[in-house]
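**Student:** Structure file start09.cif, mmCIF, C-alpha atoms and all ligand atoms, is pasted below:
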data_structure
#
loop_
_atom_site.label_atom_id
_atom_site.label_comp_id
_atom_site.auth_asym_id
_atom_site.auth_seq_id
_atom_site.Cartn_x
_atom_site.Cartn_y
_atom_site.Cartn_z
CA MET A 301 172.21 91.55 101.92
CA ARG A 302 174.53 88.66 101.35
CA GLN A 303 177.49 86.85 102.85
CA PHE A 304 175.88 85.47 106.00
CA SER A 305 177.78 83.82 108.79
CA GLU A 306 176.50 81.66 111.60
CA GLU A 307 176.37 84.86 113.66
CA THR A 308 174.32 86.91 111.18
CA LEU A 309 172.16 84.32 109.43
CA THR A 310 169.39 84.08 112.04
CA ALA A 311 168.70 87.82 112.02
CA ALA A 312 168.63 87.80 108.21
CA VAL A 313 166.05 85.00 108.08
CA VAL A 314 163.90 86.68 110.74
CA ALA A 315 164.09 89.95 108.74
CA ARG A 316 162.56 88.16 105.75
CA LEU A 317 159.44 87.58 107.84
CA LYS A 318 158.80 91.33 108.09
CA ASP A 319 155.95 91.37 105.55
CA THR A 320 154.04 88.49 107.14
CA LYS A 321 150.50 89.89 107.41
CA ASP A 322 149.25 87.76 110.27
CA LYS A 323 150.97 89.10 113.39
CA ARG A 324 150.60 85.93 115.42
CA PHE A 325 151.92 83.79 112.57
CA LYS A 326 154.89 86.17 112.26
CA GLN A 327 155.60 85.78 115.97
CA ILE A 328 155.42 81.97 115.78
CA MET A 329 157.65 81.81 112.69
CA THR A 330 160.19 84.19 114.23
CA SER A 331 160.39 82.03 117.33
CA ALA A 332 160.61 78.83 115.26
CA VAL A 333 163.49 80.19 113.15
CA LYS A 334 165.41 81.44 116.19
CA HIS A 335 165.04 78.15 118.06
CA LEU A 336 165.78 75.96 115.04
CA HIS A 337 168.98 77.89 114.38
CA ALA A 338 169.89 77.76 118.06
CA PHE A 339 169.29 73.99 118.01
CA ALA A 340 171.63 73.54 115.02
CA ARG A 341 174.31 75.68 116.69
CA GLU A 342 174.01 74.02 120.11
CA ALA A 343 174.15 70.47 118.71
CA HIS A 344 176.65 71.57 116.05
CA LEU A 345 174.65 69.57 113.49
CA THR A 346 176.58 67.99 110.65
CA GLU A 347 175.06 67.80 107.18
CA GLU A 348 174.70 64.03 107.50
CA GLU A 349 172.90 64.41 110.80
CA TRP A 350 170.51 67.03 109.47
CA PHE A 351 169.79 64.86 106.42
CA ALA A 352 169.05 61.96 108.79
CA GLY A 353 166.63 64.30 110.58
CA ILE A 354 164.95 65.21 107.29
CA LYS A 355 164.66 61.53 106.39
CA PHE A 356 163.08 60.86 109.78
CA LEU A 357 160.52 63.67 109.41
CA THR A 358 159.76 62.48 105.87
CA ALA A 359 159.10 58.99 107.21
CA VAL A 360 156.84 60.42 109.92
CA GLY A 361 154.81 62.21 107.26
CA GLN A 362 154.68 59.16 104.99
CA LYS A 363 153.36 57.04 107.87
CA CYS A 364 150.31 59.31 108.23
CA ASP A 365 147.01 58.57 106.56
CA ALA A 366 143.34 59.26 107.27
CA LYS A 367 143.51 57.08 110.41
CA ARG A 368 147.16 57.04 111.43
CA GLN A 369 148.71 60.26 112.73
CA GLU A 370 152.40 59.71 113.32
CA PHE A 371 153.04 63.44 113.90
CA ILE A 372 150.60 63.55 116.83
CA LEU A 373 152.40 60.52 118.22
CA LEU A 374 155.78 62.22 117.76
CA SER A 375 154.49 65.34 119.49
CA ASP A 376 153.13 63.14 122.31
CA ILE A 377 156.33 61.20 122.98
CA LEU A 378 158.43 64.38 122.87
CA GLY A 379 156.19 65.85 125.57
CA LEU A 380 155.21 68.68 123.22
CA SER A 381 151.52 67.79 123.34
CA MET A 382 151.53 67.91 127.14
CA MET A 383 153.52 71.18 127.04
CA VAL A 384 150.85 72.77 124.85
CA VAL A 385 148.10 71.43 127.13
CA ALA A 386 149.92 72.79 130.20
CA LEU A 387 150.38 76.22 128.61
CA ASN A 388 146.78 76.56 127.53
CA HIS A 389 144.74 74.77 130.14
CA LYS A 390 145.46 76.05 133.58
CA THR A 391 142.95 74.09 135.59
CA ALA A 392 140.44 76.29 137.38
CA PRO A 393 140.20 75.38 141.09
CA GLY A 394 137.97 72.34 141.45
CA ALA A 395 137.84 71.57 137.73
CA THR A 396 138.82 68.23 136.16
CA GLU A 397 142.36 68.41 134.83
CA ALA A 398 143.07 68.24 131.11
CA THR A 399 145.49 65.89 129.43
CA VAL A 400 146.48 64.84 125.90
CA LEU A 401 143.87 64.10 123.27
CA GLY A 402 146.09 61.45 121.70
CA PRO A 403 145.93 60.23 118.10
CA PHE A 404 142.82 58.04 118.35
CA PHE A 405 139.94 60.46 118.68
CA ALA A 406 137.40 60.08 115.85
CA HIS A 407 134.45 62.20 114.79
CA GLY A 408 131.06 60.62 114.19
CA ALA A 409 130.84 58.20 117.12
CA LYS A 410 127.37 56.85 117.87
CA GLU A 411 125.25 58.92 120.25
CA TYR A 412 123.78 57.28 123.33
CA GLU A 413 121.44 58.24 126.10
CA CYS A 414 122.39 57.62 129.69
CA GLY A 415 122.82 53.90 130.28
CA ALA A 416 124.72 53.24 127.06
CA ASP A 417 126.34 49.91 126.49
CA LEU A 418 129.62 50.67 124.75
CA ARG A 419 130.33 46.93 124.61
CA GLU A 420 127.77 46.79 121.79
CA GLY A 421 129.42 45.23 118.74
CA ALA A 422 132.72 44.69 120.57
CA THR A 423 134.89 42.08 118.86
CA MET A 424 136.77 41.27 122.07
CA ARG A 425 135.59 40.77 125.58
CA GLY A 426 137.08 42.45 128.61
CA GLU A 427 136.16 42.85 132.28
CA ASP A 428 132.59 44.17 132.47
CA THR A 429 132.61 47.63 133.98
CA LEU A 430 129.91 50.05 135.01
CA VAL A 431 131.05 53.67 134.81
CA ARG A 432 128.85 56.16 136.56
CA GLY A 433 129.02 59.61 138.01
CA ARG A 434 127.96 63.20 137.60
CA VAL A 435 128.98 66.17 135.57
CA THR A 436 129.01 69.22 137.79
CA SER A 437 130.22 72.78 137.85
CA VAL A 438 133.28 73.53 139.99
CA ASP A 439 130.91 74.52 142.81
CA GLY A 440 129.33 71.03 142.75
CA LYS A 441 126.07 72.05 141.06
CA PRO A 442 124.94 69.49 138.48
CA ILE A 443 125.21 70.47 134.83
CA ALA A 444 122.24 69.28 132.80
CA ASN A 445 122.66 67.42 129.51
CA ALA A 446 126.43 67.41 129.18
CA THR A 447 127.95 65.28 126.43
CA LEU A 448 130.72 62.79 127.18
CA ASP A 449 132.79 61.60 124.24
CA ILE A 450 134.29 58.32 125.43
CA TRP A 451 136.83 56.06 123.76
CA GLN A 452 139.32 53.42 124.83
CA ALA A 453 141.45 50.61 123.44
CA LYS A 454 140.17 47.05 122.95
CA ALA A 455 141.37 44.20 125.13
CA ASP A 456 144.40 43.71 122.88
CA GLY A 457 145.46 47.33 123.39
CA ILE A 458 144.49 48.34 119.85
CA TYR A 459 141.99 51.13 119.14
CA ASP A 460 139.09 50.56 116.75
CA VAL A 461 140.45 53.24 114.38
CA GLN A 462 143.74 51.35 114.05
CA THR A 463 141.94 48.53 112.27
CA ALA A 464 139.50 48.33 109.38
CA GLY A 465 136.42 47.47 111.48
CA GLU A 466 133.57 49.52 112.93
CA PHE A 467 133.81 51.83 115.93
CA GLU A 468 134.22 49.91 119.19
CA LEU A 469 134.19 50.95 122.85
CA ARG A 470 133.49 54.46 121.67
CA GLY A 471 130.43 56.68 121.97
CA ARG A 472 128.94 60.06 122.75
CA VAL A 473 127.03 59.58 125.97
CA LYS A 474 124.50 62.18 127.13
CA ALA A 475 124.25 62.96 130.81
CA ASN A 476 120.68 63.50 132.04
CA ALA A 477 118.98 66.65 133.29
CA LYS A 478 120.35 66.00 136.79
CA GLY A 479 123.93 65.81 135.51
CA GLU A 480 124.08 62.04 135.99
CA TYR A 481 125.62 59.71 133.47
CA TRP A 482 126.31 56.02 133.33
CA PHE A 483 127.38 53.52 130.76
CA ARG A 484 128.76 50.02 130.46
CA SER A 485 132.11 49.18 128.97
CA TYR A 486 135.21 47.12 129.74
CA LYS A 487 138.06 47.90 132.08
CA PRO A 488 140.82 49.55 130.02
CA LYS A 489 144.19 47.82 129.77
CA PHE A 490 147.65 49.27 129.36
CA TYR A 491 148.85 49.31 125.78
CA SER A 492 151.73 50.13 123.50
CA VAL A 493 151.70 53.23 121.31
CA PRO A 494 152.10 52.20 117.66
CA ASP A 495 155.77 51.27 117.32
CA ASP A 496 155.91 49.98 113.75
CA GLY A 497 156.86 53.40 112.35
CA PRO A 498 159.59 56.02 112.75
CA VAL A 499 158.36 57.05 116.22
CA GLY A 500 158.79 53.45 117.39
CA GLU A 501 162.35 53.53 116.02
CA LEU A 502 162.99 56.76 117.91
CA LEU A 503 161.72 55.21 121.16
CA ARG A 504 164.01 52.21 120.71
CA ALA A 505 167.01 54.35 119.76
CA THR A 506 166.59 56.41 122.92
CA GLY A 507 166.08 53.39 125.17
CA ASN A 508 162.50 54.29 126.02
CA HIS A 509 159.57 51.95 126.31
CA LYS A 510 156.37 52.37 124.33
CA MET A 511 153.73 51.72 126.97
CA ARG A 512 150.84 53.83 128.15
CA PRO A 513 149.08 53.07 131.44
CA ALA A 514 145.47 51.87 131.10
CA HIS A 515 142.99 54.68 130.62
CA MET A 516 139.65 55.71 129.28
CA HIS A 517 139.53 58.90 127.21
CA ALA A 518 136.82 61.50 127.77
CA VAL A 519 135.92 64.84 126.26
CA VAL A 520 133.22 66.43 128.37
CA SER A 521 131.28 69.39 126.99
CA ALA A 522 128.28 71.43 128.09
CA PRO A 523 127.00 74.84 126.91
CA GLY A 524 128.34 77.65 129.09
CA TYR A 525 131.24 75.57 130.42
CA GLN A 526 134.84 74.99 129.40
CA GLN A 527 135.17 71.68 127.63
CA VAL A 528 137.69 69.30 129.18
CA ILE A 529 139.77 66.78 127.22
CA THR A 530 140.92 64.26 129.76
CA HIS A 531 141.58 60.64 130.73
CA VAL A 532 140.63 58.43 133.65
CA PHE A 533 143.60 56.20 134.49
CA VAL A 534 143.35 52.88 136.31
CA GLU A 535 144.64 52.84 139.87
CA GLY A 536 147.42 50.29 140.33
CA ASP A 537 148.50 50.23 136.70
CA PRO A 538 152.22 49.37 136.37
CA TYR A 539 152.92 52.20 133.90
CA LEU A 540 151.42 55.15 135.80
CA ASP A 541 154.89 56.55 136.57
CA GLU A 542 156.31 56.06 133.10
CA ASP A 543 153.64 56.95 130.60
CA ALA A 544 155.26 57.15 127.14
CA VAL A 545 153.39 60.42 126.50
CA PHE A 546 153.71 62.08 129.95
CA ALA A 547 149.94 62.44 130.39
CA VAL A 548 149.32 61.05 133.91
CA LYS A 549 148.03 63.37 136.62
CA ASP A 550 147.30 62.23 140.17
CA SER A 551 143.80 63.69 140.09
CA LEU A 552 142.91 61.54 137.07
CA ILE A 553 143.50 58.12 138.62
CA GLY A 554 140.30 56.20 139.24
CA ARG A 555 139.53 53.08 141.24
CA TYR A 556 137.81 50.20 139.47
CA LYS A 557 136.06 48.49 142.38
CA LYS A 558 134.96 44.89 142.23
CA VAL A 559 131.22 44.44 142.87
CA ASN A 560 129.76 41.07 143.75
CA ASP A 561 126.03 41.46 143.21
CA PRO A 562 124.43 38.84 140.96
CA ALA A 563 121.06 40.61 140.87
CA GLU A 564 122.59 43.95 139.88
CA ALA A 565 124.86 42.24 137.35
CA LYS A 566 121.84 40.54 135.79
CA LYS A 567 119.94 43.80 135.63
CA LEU A 568 122.90 45.45 133.91
CA GLY A 569 123.48 42.52 131.56
CA MET A 570 126.99 42.05 132.88
CA ALA A 571 129.01 39.19 134.30
CA ASN A 572 129.17 38.82 138.08
CA PRO A 573 131.35 39.98 139.74
CA PHE A 574 131.78 43.16 137.72
CA LEU A 575 133.75 46.36 138.14
CA LYS A 576 132.46 49.80 138.96
CA LEU A 577 134.18 53.12 138.37
CA GLU A 578 132.51 56.08 140.03
CA TRP A 579 133.83 59.24 138.48
CA ASP A 580 132.61 62.83 138.50
CA PHE A 581 133.70 65.43 135.97
CA HIS A 582 133.85 69.05 137.08
CA LEU A 583 133.71 71.83 134.51
CA ALA A 584 134.70 75.48 134.92
CA PRO A 585 132.42 78.22 133.59
CA GLU A 586 133.26 79.27 130.05
CA ARG A 587 133.82 82.99 130.69
CA GLY A 588 134.99 83.68 127.18
CA VAL A 589 137.45 80.76 127.10
CA LYS A 590 137.31 79.12 123.68
CA ALA A 591 136.69 75.36 123.61
CA ARG A 592 139.80 73.32 122.91
CA LYS A 593 139.62 72.05 119.37
CA VAL A 594 139.18 68.32 119.17
CA ILE A 595 141.30 67.26 116.22
CA ALA A 596 140.99 63.82 114.68
CA PRO A 597 143.70 62.45 112.38
CA SER A 598 141.31 63.01 109.47
CA ASP A 599 141.23 66.76 110.31
CA ALA A 600 145.00 66.96 110.21
CA ILE A 601 145.13 65.27 106.81
CA ALA A 602 142.37 67.41 105.26
FE FE B 701 144.61 56.14 124.74
#
Please re-express this file's structure in structure tokens.

**Tutor:**
Amino acid sequence: MRQFSEETLTAAVVARLKDTKDKRFKQIMTSAVKHLHAFAREAHLTEEEWFAGIKFLTAVGQKCDAKRQEFILLSDILGLSMMVVALNHKTAPGATEATVLGPFFAHGAKEYECGADLREGATMRGEDTLVRGRVTSVDGKPIANATLDIWQAKADGIYDVQTAGEFELRGRVKANAKGEYWFRSYKPKFYSVPDDGPVGELLRATGNHKMRPAHMHAVVSAPGYQQVITHVFVEGDPYLDEDAVFAVKDSLIGRYKKVNDPAEAKKLGMANPFLKLEWDFHLAPERGVKARKVIAPSDAIA
């Protein structure tokens, strides 16, 4: 076949996918081709505009390295990450809601027992915070020995993996046999997504800000239960209604309460007064649901 027009070209490209062995891949490619062509037609793309798009995507790729993942950031600010989460993680009644993983997860964080001090080795101080709670099933029964992968930004809003230093404010905390967990850290602060690359330019060009409301990341896993990739946001944060990556859910907003108890603060090795976040995670039974893959930037590069 030859001589394609804007009316016949899409069908011709889709027809060339006919020998794709993997059925699911064929379906995804067919959909991608149809929607990309529809996008070009709807916007009536000029050649200069499409070349600008190619230059942009090239710059996004060139900004990526083993630690920086500009494509995840692009997916996040376009709401595509949250769309994929919404499509694939219908929250079971009573279960903790899922949200974006974000670009700053890292494999190989230090493992801690209950009572961890994630401030260990921190290069910047913040407001001392005790985080405690339980990991339970949706029916409220405690889940023994769950693992909580925790990470958050430093006081300057930068994540450890964005700089050359060691891991900071990050750890894999084990809950105990009664489903209880607790650890010490700092209160998270709102921060800017990295804006020194093409995604930052895109945000500026579209008149959008780059801020994310303060949050702590958590991936909670336990055998026999669906893993949840989630955040705990800070009640009262000024950016809760305008998160640059659309990740806020009402059920994920936690209260950091001020505690004035010098004896308790001393016991915990924290300043007085300190903050306390009480937060329970509720997991749904696995029932054949595959765990969501936790992808670090290094996985995407490999
Ligand atoms: Fe974050």

**Student:** Residues contacting ligand FE 701 (chain B) - anything with an atom at most 7 Å away, using only C-alpha atoms and all ligand atoms - can you give me those as a list in words?

**Tutor:** Gly402, Phe404, Gln452, Ala453, His515, Met516 and His517 of chain A

**Student:** Between CA of Gly421 in chain A and CA of Pro538 in chain A, what is the distance in Å, rounded to a tenth?

**Tutor:**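 So the answer is 29.1 Å.
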
**Student:** For range 335-351 of chain A, list every protein, DNA or RNA residue within 12 Å, evaluated using only C-alpha atoms, and leave out those in the same chain fewer than 5 positions away; present the list as a ChimeraX atom specification.

**Tutor:** /A:305-314,328-330,356-358

**Student:** May I ask which of the residues A:Gly440, A:Pro513, A:Pro488, A:Gly507 is the closest one to Val545 in chain A, counting only C-alpha atoms?

**Tutor:** A:Pro513

**Student:** I'd like the contact shell of Ser437 in chain A - 10 Å cut-off, all atoms listed in the file, skipping same-chain residues fewer than 3 positions apart - returned as number ranges by chain.

**Tutor:** A: 394-396, 434, 440-443, 479, 525-526, 581-585

**Student:** Env of Phe490 in chain A: 12 Å cut, atoms = only C-alpha atoms, seq-sep filter 6 positions within chain, self excluded. Answer as a list in words.

**Tutor:**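 Surrounding residues, per the criterion: Gln452, Ala453, Lys454, Ala455, Asp456, Gly457, Ile458, Tyr459, Lys510, Met511, Arg512, Pro513, Ala514, His515, Met516, Phe533, Val534, Glu535, Gly536, Asp537, Pro538, Tyr539, Leu540, Glu542, Asp543 and Ala544 of chain A.
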
**Student:** Set the distance at 6 Å and use all atoms listed in the file: which residues neighbour Leu552 in chain A once local chain neighbours fewer than 2 positions away are removed? I'd like the list as a PDB file with C-alpha atoms, in the coordinates of the input.

**Tutor:**
ATOM      1  CA  VAL A 532     140.630  58.430 133.650  1.00  0.00           C
ATOM      2  CA  PHE A 533     143.600  56.200 134.490  1.00  0.00           C
ATOM      3  CA  LYS A 549     148.030  63.370 136.620  1.00  0.00           C
ATOM      4  CA  ASP A 550     147.300  62.230 140.170  1.00  0.00           C
TER       5      ASP A 550
END

**Student:** Given the choices A:Phe405, A:Phe467, A:Trp451, A:Tyr486, which gets closest to Tyr556 in chain A if the distance is worked out from only C-alpha atoms?

**Tutor:** A:Tyr486

**Student:** Name the closest residue to Asp496 in chain A among the candidates A:Met383, A:Leu575, A:Ala315, A:Val360; distances are taken between atoms, counting all atoms listed in the file.

**Tutor:**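 Once distances to Asp496 in chain A are computed over all atoms listed in the file, the minimum belongs to A:Val360.
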
**Student:** Show me the residues close to (141.2, 65.0, 127.3) - anything with an atom within 10 Å, counting all atoms listed in the file - and format the list as a PyMOL selection string.

**Tutor:** chain A and resi 385+396-402+405+449-450+516-520+527-532+547+592+594

**Student:** Please produce a file of those selected residues containing C-alpha atoms, as a compact mmCIF listing (two decimals), keeping the file's coordinate frame.

**Tutor:**
# COMPACT_ATOMS: atom_id res chain seq x y z
CA VAL A 385 148.10 71.43 127.13
CA THR A 396 138.82 68.23 136.16
CA GLU A 397 142.36 68.41 134.83
CA ALA A 398 143.07 68.24 131.11
CA THR A 399 145.49 65.89 129.43
CA VAL A 400 146.48 64.84 125.90
CA LEU A 401 143.87 64.10 123.27
CA GLY A 402 146.09 61.45 121.70
CA PHE A 405 139.94 60.46 118.68
CA ASP A 449 132.79 61.60 124.24
CA ILE A 450 134.29 58.32 125.43
CA MET A 516 139.65 55.71 129.28
CA HIS A 517 139.53 58.90 127.21
CA ALA A 518 136.82 61.50 127.77
CA VAL A 519 135.92 64.84 126.26
CA VAL A 520 133.22 66.43 128.37
CA GLN A 527 135.17 71.68 127.63
CA VAL A 528 137.69 69.30 129.18
CA ILE A 529 139.77 66.78 127.22
CA THR A 530 140.92 64.26 129.76
CA HIS A 531 141.58 60.64 130.73
CA VAL A 532 140.63 58.43 133.65
CA ALA A 547 149.94 62.44 130.39
CA ARG A 592 139.80 73.32 122.91
CA VAL A 594 139.18 68.32 119.17

**Student:** Quote the spacing between CA of Lys487 in chain A and CA of Glu427 in chain A in Å to one decimal place.

**Tutor:**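 Value for the CA of Lys487 in chain A-CA of Glu427 in chain A distance: 5.4 Å.
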
**Student:** Regenerate range 568-587 of chain A at the level of N, CA, C and O atoms and dump it as a CSV table (one decimal), keeping the file's coordinate frame.

**Tutor:**
chain,number,residue,atom,x,y,z
A,568,LEU,N,122.0,44.7,134.8
A,568,LEU,CA,122.9,45.4,133.9
A,568,LEU,C,123.3,44.7,132.7
A,568,LEU,O,123.9,45.2,131.7
A,569,GLY,N,123.0,43.4,132.7
A,569,GLY,CA,123.5,42.5,131.6
A,569,GLY,C,125.0,42.3,131.6
A,569,GLY,O,125.6,42.3,130.5
A,570,MET,N,125.5,42.2,132.8
A,570,MET,CA,127.0,42.0,132.9
A,570,MET,C,127.3,40.8,133.7
A,570,MET,O,126.5,40.3,134.4
A,571,ALA,N,128.6,40.4,133.5
A,571,ALA,CA,129.0,39.2,134.3
A,571,ALA,C,129.1,39.6,135.8
A,571,ALA,O,129.3,40.7,136.1
A,572,ASN,N,129.0,38.6,136.6
A,572,ASN,CA,129.2,38.8,138.1
A,572,ASN,C,130.4,38.0,138.5
A,572,ASN,O,130.5,36.8,138.2
A,573,PRO,N,131.3,38.6,139.3
A,573,PRO,CA,131.4,40.0,139.7
A,573,PRO,C,131.7,40.9,138.6
A,573,PRO,O,132.3,40.4,137.6
A,574,PHE,N,131.4,42.2,138.7
A,574,PHE,CA,131.8,43.2,137.7
A,574,PHE,C,132.5,44.3,138.4
A,574,PHE,O,132.8,44.3,139.6
A,575,LEU,N,133.0,45.2,137.6
A,575,LEU,CA,133.8,46.4,138.1
A,575,LEU,C,132.9,47.6,138.1
A,575,LEU,O,132.1,47.8,137.2
A,576,LYS,N,133.2,48.5,139.0
A,576,LYS,CA,132.5,49.8,139.0
A,576,LYS,C,133.4,50.9,139.1
A,576,LYS,O,134.2,50.9,140.1
A,577,LEU,N,133.4,51.9,138.2
A,577,LEU,CA,134.2,53.1,138.4
A,577,LEU,C,133.2,54.3,138.6
A,577,LEU,O,132.3,54.5,137.8
A,578,GLU,N,133.3,54.9,139.8
A,578,GLU,CA,132.5,56.1,140.0
A,578,GLU,C,133.4,57.3,139.8
A,578,GLU,O,134.4,57.4,140.5
A,579,TRP,N,133.0,58.1,138.9
A,579,TRP,CA,133.8,59.2,138.5
A,579,TRP,C,133.0,60.5,138.1
A,579,TRP,O,132.2,60.4,137.2
A,580,ASP,N,133.3,61.6,138.8
A,580,ASP,CA,132.6,62.8,138.5
A,580,ASP,C,133.5,63.7,137.7
A,580,ASP,O,134.7,63.7,137.9
A,581,PHE,N,133.0,64.4,136.8
A,581,PHE,CA,133.7,65.4,136.0
A,581,PHE,C,133.2,66.8,136.4
A,581,PHE,O,132.0,67.0,136.6
A,582,HIS,N,134.2,67.7,136.6
A,582,HIS,CA,133.8,69.0,137.1
A,582,HIS,C,134.3,70.1,136.1
A,582,HIS,O,135.5,70.1,135.7
A,583,LEU,N,133.4,70.9,135.6
A,583,LEU,CA,133.7,71.8,134.5
A,583,LEU,C,133.7,73.3,135.1
A,583,LEU,O,132.9,73.6,135.9
A,584,ALA,N,134.6,74.1,134.5
A,584,ALA,CA,134.7,75.5,134.9
A,584,ALA,C,133.8,76.3,134.0
A,584,ALA,O,133.7,75.9,132.8
A,585,PRO,N,133.2,77.4,134.5
A,585,PRO,CA,132.4,78.2,133.6
A,585,PRO,C,133.2,78.7,132.4
A,585,PRO,O,134.4,78.9,132.5
A,586,GLU,N,132.6,78.9,131.3
A,586,GLU,CA,133.3,79.3,130.0
A,586,GLU,C,134.0,80.6,130.1
A,586,GLU,O,135.1,80.7,129.8
A,587,ARG,N,133.3,81.6,130.5
A,587,ARG,CA,133.8,83.0,130.7
A,587,ARG,C,134.7,83.4,129.5
A,587,ARG,O,135.9,83.8,129.7
